[in-house]
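What follows is the content of model-v5.csv (CSV, C-alpha atoms).
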chain,number,residue,atom,x,y,z
E,475,MET,CA,-13.0,-141.7,-65.5
E,476,ARG,CA,-15.9,-143.7,-66.9
E,477,LEU,CA,-16.2,-145.2,-63.4
E,478,LEU,CA,-16.9,-141.9,-61.8
E,479,PRO,CA,-20.4,-140.6,-60.9
E,480,ASP,CA,-21.9,-138.9,-63.9
E,481,ARG,CA,-21.6,-135.2,-62.8
E,482,MET,CA,-18.0,-135.6,-61.6
E,483,CYS,CA,-17.2,-137.6,-64.7
E,484,SER,CA,-18.2,-134.7,-66.9
E,485,SER,CA,-16.0,-132.1,-65.2
E,486,VAL,CA,-13.0,-134.4,-64.8
E,487,SER,CA,-13.3,-135.6,-68.4
E,488,LEU,CA,-13.3,-132.0,-69.8
E,489,ALA,CA,-10.3,-131.2,-67.6
E,490,TYR,CA,-8.6,-134.3,-68.9
E,491,LEU,CA,-9.2,-133.2,-72.5
E,492,LEU,CA,-7.8,-129.8,-71.9
E,493,ALA,CA,-4.7,-131.3,-70.1
E,494,ARG,CA,-4.2,-133.6,-73.1
E,495,ALA,CA,-4.5,-130.6,-75.4
E,496,SER,CA,-1.8,-128.7,-73.5
E,497,ASP,CA,0.3,-131.9,-73.4
E,498,THR,CA,0.1,-132.1,-77.2
E,499,LEU,CA,1.0,-128.4,-77.5
E,500,ALA,CA,4.0,-129.1,-75.3
E,501,ASP,CA,5.3,-132.4,-76.6
E,502,THR,CA,4.8,-132.2,-80.4
E,503,GLU,CA,8.2,-133.0,-81.9
E,504,GLY,CA,9.8,-131.0,-84.7
E,505,LEU,CA,8.8,-127.6,-83.5
E,506,ASP,CA,10.8,-124.7,-82.3
E,507,PRO,CA,10.4,-124.6,-78.5
E,508,ARG,CA,9.6,-120.9,-78.7
E,509,VAL,CA,6.5,-121.8,-80.8
E,510,LYS,CA,5.4,-124.3,-78.1
E,511,LEU,CA,5.9,-121.8,-75.4
E,512,GLU,CA,3.9,-119.2,-77.3
E,513,ALA,CA,1.1,-121.8,-77.9
E,514,LEU,CA,1.0,-122.8,-74.2
E,515,HIS,CA,0.9,-119.1,-73.0
E,516,ALA,CA,-2.0,-118.5,-75.5
E,517,PHE,CA,-3.7,-121.6,-74.1
E,518,MET,CA,-3.4,-120.3,-70.5
E,519,GLU,CA,-4.6,-116.9,-71.5
E,520,LYS,CA,-7.7,-118.5,-73.3
E,521,ASP,CA,-6.6,-116.8,-76.5
E,522,LEU,CA,-8.1,-119.5,-78.7
E,523,ILE,CA,-7.7,-117.6,-81.9
E,524,ARG,CA,-4.0,-117.4,-81.4
E,525,VAL,CA,-3.8,-121.1,-80.5
E,526,GLU,CA,-5.8,-122.0,-83.6
E,527,LYS,CA,-3.5,-120.0,-85.8
E,528,LEU,CA,-0.4,-121.7,-84.3
E,529,VAL,CA,-2.1,-125.1,-84.6
E,530,ARG,CA,-2.9,-124.6,-88.3
E,531,ALA,CA,0.4,-123.0,-89.2
E,532,GLN,CA,2.8,-125.1,-87.1
E,533,TYR,CA,1.3,-128.1,-85.4
E,534,LEU,CA,-0.9,-130.0,-87.9
E,535,ALA,CA,2.1,-130.6,-90.3
E,536,GLU,CA,4.0,-132.3,-87.4
E,537,LEU,CA,1.1,-134.4,-85.9
E,538,ASP,CA,0.7,-137.9,-87.2
E,539,HIS,CA,-1.7,-139.0,-84.5
E,540,VAL,CA,-5.3,-138.5,-85.7
E,541,GLY,CA,-6.7,-138.2,-82.2
E,542,GLU,CA,-4.2,-135.4,-81.3
E,543,ARG,CA,-5.0,-133.5,-84.5
E,544,LYS,CA,-8.7,-133.8,-83.8
E,545,LEU,CA,-8.2,-132.7,-80.2
E,546,LEU,CA,-6.5,-129.5,-81.1
E,547,GLU,CA,-8.9,-128.8,-83.9
E,548,GLN,CA,-11.8,-129.1,-81.4
E,549,LEU,CA,-10.3,-127.2,-78.6
E,550,ALA,CA,-12.7,-124.3,-78.9
E,551,GLN,CA,-15.7,-126.7,-78.6
E,552,ILE,CA,-14.2,-128.2,-75.5
E,553,VAL,CA,-13.9,-124.8,-73.9
E,554,LYS,CA,-17.5,-124.1,-74.7
E,555,GLU,CA,-18.5,-127.3,-72.9
E,556,VAL,CA,-16.5,-126.1,-69.9
E,557,GLU,CA,-18.4,-122.8,-69.9
E,558,ARG,CA,-21.7,-124.8,-69.5
E,559,LEU,CA,-20.6,-126.1,-66.2
E,560,ASP,CA,-21.2,-124.4,-62.9
E,561,THR,CA,-18.9,-121.7,-61.6
E,562,VAL,CA,-17.0,-123.9,-59.1
E,563,GLU,CA,-16.3,-126.5,-61.8
E,564,GLN,CA,-15.1,-123.8,-64.3
E,565,GLU,CA,-12.8,-122.2,-61.7
E,566,GLN,CA,-11.3,-125.6,-60.7
E,567,ILE,CA,-10.8,-126.7,-64.3
E,568,ASN,CA,-9.2,-123.4,-65.2
E,569,TRP,CA,-6.9,-123.6,-62.2
E,570,VAL,CA,-5.7,-127.2,-62.7
E,571,THR,CA,-5.1,-126.8,-66.5
E,572,GLU,CA,-3.2,-123.6,-65.9
E,573,VAL,CA,-1.0,-125.2,-63.2
E,574,ILE,CA,-0.3,-128.1,-65.6
E,575,ALA,CA,0.5,-125.8,-68.5
E,576,GLN,CA,2.9,-123.8,-66.3
E,577,GLY,CA,4.7,-126.9,-65.4
E,578,GLN,CA,5.0,-127.9,-69.1
E,579,CYS,CA,6.3,-124.4,-69.9
E,580,MET,CA,9.0,-124.8,-67.3
E,581,ASP,CA,9.9,-128.2,-68.7
E,582,ILE,CA,10.3,-126.8,-72.2
E,583,GLN,CA,12.3,-123.8,-70.9
E,584,ARG,CA,14.6,-126.0,-68.9
E,585,PHE,CA,15.3,-128.9,-71.3
E,586,GLU,CA,14.8,-127.4,-74.8
E,587,VAL,CA,15.8,-123.7,-74.4
E,588,ASP,CA,18.3,-123.6,-71.5
E,589,LYS,CA,19.5,-127.2,-72.0
E,590,LYS,CA,19.7,-127.7,-68.2
E,591,GLU,CA,18.8,-130.7,-66.0
E,592,MET,CA,16.9,-131.1,-62.8
E,593,GLU,CA,19.3,-130.0,-60.1
E,594,SER,CA,17.6,-130.7,-56.8
E,595,GLU,CA,14.9,-132.8,-55.1
E,596,GLY,CA,12.7,-129.8,-54.6
E,597,GLU,CA,12.9,-128.9,-58.3
E,598,LEU,CA,11.7,-132.4,-59.3
E,599,LEU,CA,9.0,-132.5,-56.7
E,600,ASP,CA,7.7,-129.1,-57.8
E,601,TYR,CA,7.6,-130.3,-61.4
E,602,CYS,CA,5.7,-133.5,-60.4
E,603,TYR,CA,3.2,-131.4,-58.4
E,604,SER,CA,2.6,-129.0,-61.3
E,605,VAL,CA,1.8,-131.8,-63.9
E,606,ALA,CA,0.2,-134.4,-61.6
E,607,GLY,CA,0.0,-133.5,-57.9
E,608,CYS,CA,-2.4,-130.7,-58.6
E,609,VAL,CA,-4.7,-133.3,-60.4
E,610,GLY,CA,-5.1,-135.2,-57.1
E,611,GLU,CA,-6.2,-131.9,-55.4
E,612,PHE,CA,-8.6,-131.2,-58.3
E,613,TRP,CA,-10.2,-134.7,-58.1
E,614,THR,CA,-10.7,-134.2,-54.4
E,615,ARG,CA,-12.4,-130.8,-54.8
E,616,MET,CA,-14.6,-132.0,-57.6
E,617,GLY,CA,-15.6,-135.1,-55.5
E,618,PHE,CA,-16.6,-133.0,-52.5
E,619,HIS,CA,-18.3,-130.4,-54.7
E,620,HIS,CA,-20.6,-133.0,-56.2
E,621,ASP,CA,-21.0,-135.1,-53.0
E,622,PRO,CA,-20.3,-133.7,-49.5
E,623,SER,CA,-19.9,-137.3,-48.3
E,624,PHE,CA,-17.4,-138.1,-51.0
E,625,SER,CA,-14.9,-139.6,-48.5
E,626,LEU,CA,-14.7,-140.9,-45.0
E,627,LEU,CA,-11.8,-138.4,-44.6
E,628,ASP,CA,-12.2,-134.7,-44.4
E,629,LYS,CA,-11.5,-132.6,-47.6
E,630,ASP,CA,-8.1,-131.2,-46.4
E,631,GLU,CA,-6.7,-134.6,-45.4
E,632,LEU,CA,-7.9,-136.1,-48.7
E,633,GLU,CA,-6.3,-133.3,-50.7
E,634,VAL,CA,-2.9,-134.0,-49.1
E,635,LEU,CA,-3.3,-137.7,-50.0
E,636,GLY,CA,-4.4,-136.8,-53.5
E,637,ARG,CA,-1.5,-134.4,-54.1
E,638,ASP,CA,1.1,-136.9,-52.8
E,639,PHE,CA,-0.4,-139.7,-54.9
E,640,GLY,CA,-0.4,-137.6,-58.0
E,641,ILE,CA,3.3,-136.7,-57.4
E,642,GLY,CA,4.0,-140.3,-57.0
E,643,LEU,CA,2.4,-141.3,-60.2
E,644,GLN,CA,4.5,-138.8,-62.1
E,645,LEU,CA,7.6,-140.2,-60.3
E,646,VAL,CA,6.6,-143.7,-61.7
E,647,ASN,CA,6.4,-142.2,-65.2
E,648,ILE,CA,9.8,-140.6,-64.8
E,649,LEU,CA,11.5,-143.7,-63.4
E,650,ARG,CA,9.9,-145.9,-66.1
E,651,ASP,CA,11.0,-143.5,-68.9
E,652,ALA,CA,14.4,-142.6,-67.4
E,653,PRO,CA,16.5,-144.5,-70.0
E,654,LYS,CA,14.7,-142.8,-73.0
E,655,ASP,CA,14.7,-139.4,-71.3
E,656,LEU,CA,18.4,-139.7,-70.5
E,657,GLU,CA,19.2,-140.5,-74.1
E,658,GLY,CA,17.2,-137.5,-75.2
E,659,GLY,CA,19.0,-135.2,-72.9
E,660,ARG,CA,16.2,-134.8,-70.3
E,661,VAL,CA,17.7,-135.5,-66.9
E,662,TYR,CA,14.8,-135.5,-64.4
E,663,ILE,CA,16.5,-137.4,-61.6
E,664,PRO,CA,19.0,-135.1,-60.0
E,665,GLY,CA,22.6,-136.3,-60.5
E,666,MET,CA,21.8,-139.0,-63.0
E,667,ARG,CA,24.5,-138.7,-65.6
E,668,THR,CA,24.5,-142.4,-66.7
E,669,LEU,CA,21.9,-145.1,-66.6
E,670,GLU,CA,22.2,-146.9,-63.3
E,671,LYS,CA,19.8,-148.5,-60.9
E,672,GLU,CA,21.6,-147.4,-57.7
E,673,GLY,CA,20.8,-143.7,-58.2
E,674,ILE,CA,17.1,-144.2,-58.3
E,675,ASP,CA,16.6,-146.1,-55.0
E,676,PRO,CA,15.5,-143.0,-53.0
E,677,TRP,CA,12.9,-142.1,-55.7
E,678,LEU,CA,11.6,-145.7,-55.9
E,679,GLU,CA,11.0,-145.5,-52.1
E,680,LYS,CA,9.1,-142.2,-52.5
E,681,ALA,CA,7.1,-143.6,-55.3
E,682,HIS,CA,6.2,-146.8,-53.4
E,683,ALA,CA,5.1,-144.7,-50.4
E,684,ALA,CA,2.9,-142.6,-52.7
E,685,MET,CA,1.2,-145.7,-54.1
E,686,VAL,CA,0.3,-146.7,-50.6
E,687,GLN,CA,-1.2,-143.2,-50.1
E,688,GLY,CA,-3.2,-143.8,-53.3
E,689,VAL,CA,-4.7,-147.0,-51.9
E,690,SER,CA,-5.5,-145.1,-48.7
E,691,TYR,CA,-7.2,-142.4,-50.8
E,692,SER,CA,-9.2,-145.1,-52.6
E,693,ASP,CA,-10.2,-146.9,-49.4
E,694,SER,CA,-11.7,-143.7,-48.0
E,695,LEU,CA,-14.1,-143.1,-50.9
E,696,ARG,CA,-17.8,-143.9,-50.4
E,697,HIS,CA,-18.7,-144.5,-54.0
E,698,ARG,CA,-17.7,-148.0,-55.1
E,699,PHE,CA,-16.6,-147.2,-58.6
E,700,SER,CA,-14.8,-144.0,-57.5
E,701,ARG,CA,-12.7,-146.3,-55.3
E,702,ILE,CA,-11.9,-148.6,-58.2
E,703,ALA,CA,-11.0,-145.5,-60.4
E,704,VAL,CA,-8.3,-144.6,-57.8
E,705,TYR,CA,-7.3,-148.1,-56.7
E,706,LEU,CA,-6.4,-149.2,-60.2
E,707,PRO,CA,-3.7,-146.6,-61.1
E,708,ALA,CA,-2.2,-147.1,-57.6
E,709,VAL,CA,-1.7,-150.8,-57.9
E,710,LEU,CA,-0.6,-150.6,-61.5
E,711,GLY,CA,1.9,-147.9,-60.4
E,712,GLU,CA,3.1,-150.3,-57.7
E,713,ASP,CA,3.4,-153.1,-60.3
E,714,THR,CA,5.4,-150.8,-62.6
E,715,LEU,CA,7.8,-150.0,-59.8
E,716,THR,CA,8.3,-153.7,-59.1
E,717,LEU,CA,9.1,-154.3,-62.8
E,718,ILE,CA,11.7,-151.5,-62.8
E,719,GLU,CA,13.4,-152.9,-59.7
E,720,ARG,CA,13.6,-156.4,-61.2
E,721,ALA,CA,14.6,-155.3,-64.7
E,722,SER,CA,18.2,-155.5,-65.9
E,723,LEU,CA,19.6,-152.3,-67.5
E,724,SER,CA,18.9,-153.7,-71.0
E,725,GLN,CA,15.3,-154.6,-70.0
E,726,TRP,CA,14.8,-151.2,-68.4
E,727,ARG,CA,16.2,-149.5,-71.5
E,728,ALA,CA,13.8,-151.5,-73.7
E,729,GLY,CA,10.9,-150.4,-71.7
E,730,VAL,CA,8.9,-152.0,-68.9
E,731,LYS,CA,5.1,-152.3,-69.0
E,732,VAL,CA,2.5,-154.1,-67.0
E,733,ALA,CA,1.0,-156.9,-69.0
E,734,ARG,CA,-2.7,-156.6,-70.1
E,735,VAL,CA,-3.6,-159.7,-68.2
E,736,ASP,CA,-2.2,-158.2,-65.0
E,737,VAL,CA,-4.2,-155.0,-65.6
E,738,PHE,CA,-7.4,-157.1,-65.7
E,739,ARG,CA,-6.2,-159.0,-62.6
E,740,GLU,CA,-5.8,-155.8,-60.7
E,741,LEU,CA,-9.1,-154.5,-61.9
E,742,PHE,CA,-10.8,-157.7,-60.6
E,743,SER,CA,-8.9,-157.4,-57.3
E,744,GLY,CA,-10.3,-153.8,-57.1
E,745,LEU,CA,-13.8,-155.0,-57.6
E,746,LEU,CA,-13.4,-157.6,-54.9
E,747,ARG,CA,-11.8,-155.1,-52.5
E,748,SER,CA,-14.7,-152.6,-53.1
E,749,GLN,CA,-17.3,-155.3,-52.3
E,750,LYS,CA,-15.5,-156.2,-49.1
E,751,LYS,CA,-15.4,-152.5,-48.0
E,752,LYS,CA,-19.1,-152.2,-48.6
E,753,ILE,CA,-20.1,-155.3,-46.5
Step by step, read the file and then write its structure as structure tokens.
Amino acid sequence: MRLLPDRMCSSVSLAYLLARASDTLADTEGLDPRVKLEALHAFMEKDLIRVEKLVRAQYLAELDHVGERKLLEQLAQIVKEVERLDTVEQEQINWVTEVIAQGQCMDIQRFEVDKKEMESEGELLDYCYSVAGCVGEFWTRMGFHHDPSFSLLDKDELEVLGRDFGIGLQLVNILRDAPKDLEGGRVYIPGMRTLEKEGIDPWLEKAHAAMVQGVSYSDSLRHRFSRIAVYLPAVLGEDTLTLIERASLSQWRAGVKVARVDVFRELFSGLLRSQKKKI
């Protein structure tokens, strides 16, 4: 986000903080799922007094991470900063954070309350849209709001690329974390009862295709550093998928992660790519 133009960076960063706050409300361990659902609904309704009461009464005792504690304690201040933005930015931030929180509520209801699993491809893709695909649409709208020449593509075409890329990034997360989620009773991949590589092949293909769309999104952007900001997660997502494909079951279960040296390598390749596009 620090690579984005200043005005876009402000709105995207505030949306990110709100999304991280709702993520903390949804994922804090040791809480009754009904408490988490109540907190998320209060968050969506902008009932910050009720959120603050729940944070103090329920969340702080369970949160070990200093950053997460501080984030929830400063939620009201973040909302005030959003209210200083223009009307379009406020509307889009409210929209994207509500869609994300709704997806998180469905996740808690499905896995923690109803004890169910993802049953269909459509159900999984809807979830991926709500927690990530909508973010690609949000980035696109903010980009064009601040710069009408944001992309070589028109806004509608870029929104589709952004949505599909966001969905793909969430699929990468799901595929990477499938062993841990499966052990915890969260079955995101329809039909996956045991940890096996064969069952994820169609989803690997979808995720690979989405990373290609992410690179296409990046290549269309006029601002050099905006291109890098999109290119980097796309190629790191592709690298993660390759690691999953090459990993044994034990390696997959232990966790796959792109090495720091490879992150810097991909960043450098993005810089070179951007310079080539500019010439």
Atomic separation - atom CA of Gly642 of chain E relative to atom CA of Gly711 of chain E, Å:
8.6 Å
Tell me, as a PyMOL selection string, which residues lie within 8 Å of segment 713-726 of chain E, counting only C-alpha atoms; anything in the same chain fewer than 2 positions away does not count.
chain E and resi 646+649-650+653+669-671+678+681-682+709-711+728-732
Write out, as CSV, each residue of segment 619-725 of chain E that has an atom at most 6 Å from segment 570-594 of chain E, together with the closest pair of atoms and their distance in Å to one decimal, counting all atoms listed in the file, rows going by chain and rising number.
residue,atom,partner,partner_atom,distance
E:Val661,CA,E:Glu591,CA,5.0
E:Tyr662,CA,E:Met592,CA,5.1
E:Pro664,CA,E:Glu593,CA,5.1
Need the shell around Gln687 of chain E: protein/DNA/RNA residues with any atom at most 12 Å away, counting only C-alpha atoms. Skip same-chain ones fewer than 4 positions apart. Format as a ChimeraX atom specification?
/E:610,631-643,680-683,691-694,704-705,707-709,711-712
Just the residues within 10 Å of segment 509-517 of chain E, please, counting all atoms listed in the file, with nothing from its chain fewer than 3 positions along; format it as a VMD selection string.
chain E and resid 492 495 to 503 505 to 506 520 to 529 532 to 533 549 571 to 572 575 to 576 578 to 580 582 to 583
Please measure the separation of atom CA of Leu645 of chain E and atom CA of Trp677 of chain E, giving the value in Å to one decimal.
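Going from atom CA of Leu645 of chain E over to atom CA of Trp677 of chain E covers 7.3 Å.
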Determine, counting all atoms listed in the file, which protein, DNA and RNA residues have an atom within 12 Å of an atom of Asp480 of chain E; residues of the same chain fewer than 3 positions away are not included. Present the result as a PyMOL selection string.
chain E and resi 475-477+483-487+616-617+620-621+697+699-700
Have a look at atom CA of Gly504 of chain E and atom CA of Glu542 of chain E and let me know their distance in Å, one decimal.
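Going from atom CA of Gly504 of chain E over to atom CA of Glu542 of chain E covers 15.1 Å.
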Nearest residue to Pro479 of chain E out of E:Ile663, E:Phe624, E:Val737, E:Trp569, using all atoms listed in the file?
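The answer is E:Phe624, which sits nearest to Pro479 of chain E.
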Kindly indicate which residue among E:Ile674, E:Cys608, E:Leu534, E:Leu745 lies nearest to Ile702 of chain E, using only C-alpha atoms for the distances.
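With only C-alpha atoms as the atom set, the closest residue is E:Leu745.
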Point out the residue among E:Ser623, E:Ala493, E:Thr614, E:Ala606 with the least atom-to-atom distance to Ile648 of chain E, counting all atoms listed in the file.
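Between E:Ser623, E:Ala493, E:Thr614, E:Ala606, the residue approaching Ile648 of chain E most closely is E:Ala606.
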Residue with smallest distance to Trp613 of chain E - pool E:Leu746, E:Ala550, E:Leu626, E:Met482, counting only C-alpha atoms:
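Among the listed residues, the smallest separation from Trp613 of chain E belongs to E:Met482.
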Of the candidates E:Leu537, E:Val553, E:Gln548, E:Glu519, which one gets nearest to Ala489 of chain E if we count all atoms listed in the file?
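Among the listed residues, the smallest separation from Ala489 of chain E belongs to E:Val553.
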Counting only C-alpha atoms, which residue out of E:Lys629, E:Arg698, E:Arg615, E:Arg727 sits closest to Ala652 of chain E?
E:Arg727
Output as a PDB file, in the frame of the given file: segment 552-567 of chain E, completed with N, CA and C atoms.
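Output contents, as saved in out-v4.pdb:
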ATOM      1  N   ILE E 552     -14.383-127.748 -76.812  1.00  0.00           N
ATOM      2  CA  ILE E 552     -14.200-128.200 -75.500  1.00  0.00           C
ATOM      3  C   ILE E 552     -14.325-127.104 -74.452  1.00  0.00           C
ATOM      4  N   VAL E 553     -13.754-125.943 -74.783  1.00  0.00           N
ATOM      5  CA  VAL E 553     -13.900-124.800 -73.900  1.00  0.00           C
ATOM      6  C   VAL E 553     -15.327-124.365 -73.747  1.00  0.00           C
ATOM      7  N   LYS E 554     -16.101-124.424 -74.821  1.00  0.00           N
ATOM      8  CA  LYS E 554     -17.500-124.100 -74.700  1.00  0.00           C
ATOM      9  C   LYS E 554     -18.262-125.048 -73.798  1.00  0.00           C
ATOM     10  N   GLU E 555     -17.882-126.320 -73.832  1.00  0.00           N
ATOM     11  CA  GLU E 555     -18.500-127.300 -72.900  1.00  0.00           C
ATOM     12  C   GLU E 555     -18.161-126.968 -71.472  1.00  0.00           C
ATOM     13  N   VAL E 556     -16.933-126.533 -71.232  1.00  0.00           N
ATOM     14  CA  VAL E 556     -16.500-126.100 -69.900  1.00  0.00           C
ATOM     15  C   VAL E 556     -17.389-124.965 -69.407  1.00  0.00           C
ATOM     16  N   GLU E 557     -17.652-124.033 -70.295  1.00  0.00           N
ATOM     17  CA  GLU E 557     -18.400-122.800 -69.900  1.00  0.00           C
ATOM     18  C   GLU E 557     -19.875-123.149 -69.599  1.00  0.00           C
ATOM     19  N   ARG E 558     -20.338-124.351 -69.912  1.00  0.00           N
ATOM     20  CA  ARG E 558     -21.700-124.800 -69.500  1.00  0.00           C
ATOM     21  C   ARG E 558     -21.758-125.321 -68.115  1.00  0.00           C
ATOM     22  N   LEU E 559     -20.619-125.568 -67.514  1.00  0.00           N
ATOM     23  CA  LEU E 559     -20.600-126.100 -66.200  1.00  0.00           C
ATOM     24  C   LEU E 559     -20.833-124.993 -65.142  1.00  0.00           C
ATOM     25  N   ASP E 560     -21.009-125.381 -63.884  1.00  0.00           N
ATOM     26  CA  ASP E 560     -21.200-124.400 -62.900  1.00  0.00           C
ATOM     27  C   ASP E 560     -19.925-123.625 -62.551  1.00  0.00           C
ATOM     28  N   THR E 561     -20.048-122.544 -61.795  1.00  0.00           N
ATOM     29  CA  THR E 561     -18.900-121.700 -61.600  1.00  0.00           C
ATOM     30  C   THR E 561     -17.752-122.360 -60.864  1.00  0.00           C
ATOM     31  N   VAL E 562     -18.057-123.176 -59.861  1.00  0.00           N
ATOM     32  CA  VAL E 562     -17.000-123.900 -59.100  1.00  0.00           C
ATOM     33  C   VAL E 562     -16.235-124.819 -60.059  1.00  0.00           C
ATOM     34  N   GLU E 563     -16.948-125.561 -60.876  1.00  0.00           N
ATOM     35  CA  GLU E 563     -16.300-126.500 -61.800  1.00  0.00           C
ATOM     36  C   GLU E 563     -15.409-125.729 -62.793  1.00  0.00           C
ATOM     37  N   GLN E 564     -15.925-124.628 -63.337  1.00  0.00           N
ATOM     38  CA  GLN E 564     -15.100-123.800 -64.300  1.00  0.00           C
ATOM     39  C   GLN E 564     -13.862-123.311 -63.614  1.00  0.00           C
ATOM     40  N   GLU E 565     -13.990-122.790 -62.404  1.00  0.00           N
ATOM     41  CA  GLU E 565     -12.800-122.200 -61.700  1.00  0.00           C
ATOM     42  C   GLU E 565     -11.776-123.310 -61.451  1.00  0.00           C
ATOM     43  N   GLN E 566     -12.218-124.482 -61.025  1.00  0.00           N
ATOM     44  CA  GLN E 566     -11.300-125.600 -60.700  1.00  0.00           C
ATOM     45  C   GLN E 566     -10.628-126.110 -61.995  1.00  0.00           C
ATOM     46  N   ILE E 567     -11.388-126.230 -63.074  1.00  0.00           N
ATOM     47  CA  ILE E 567     -10.800-126.700 -64.300  1.00  0.00           C
ATOM     48  C   ILE E 567      -9.795-125.696 -64.857  1.00  0.00           C
TER      49      ILE E 567
END
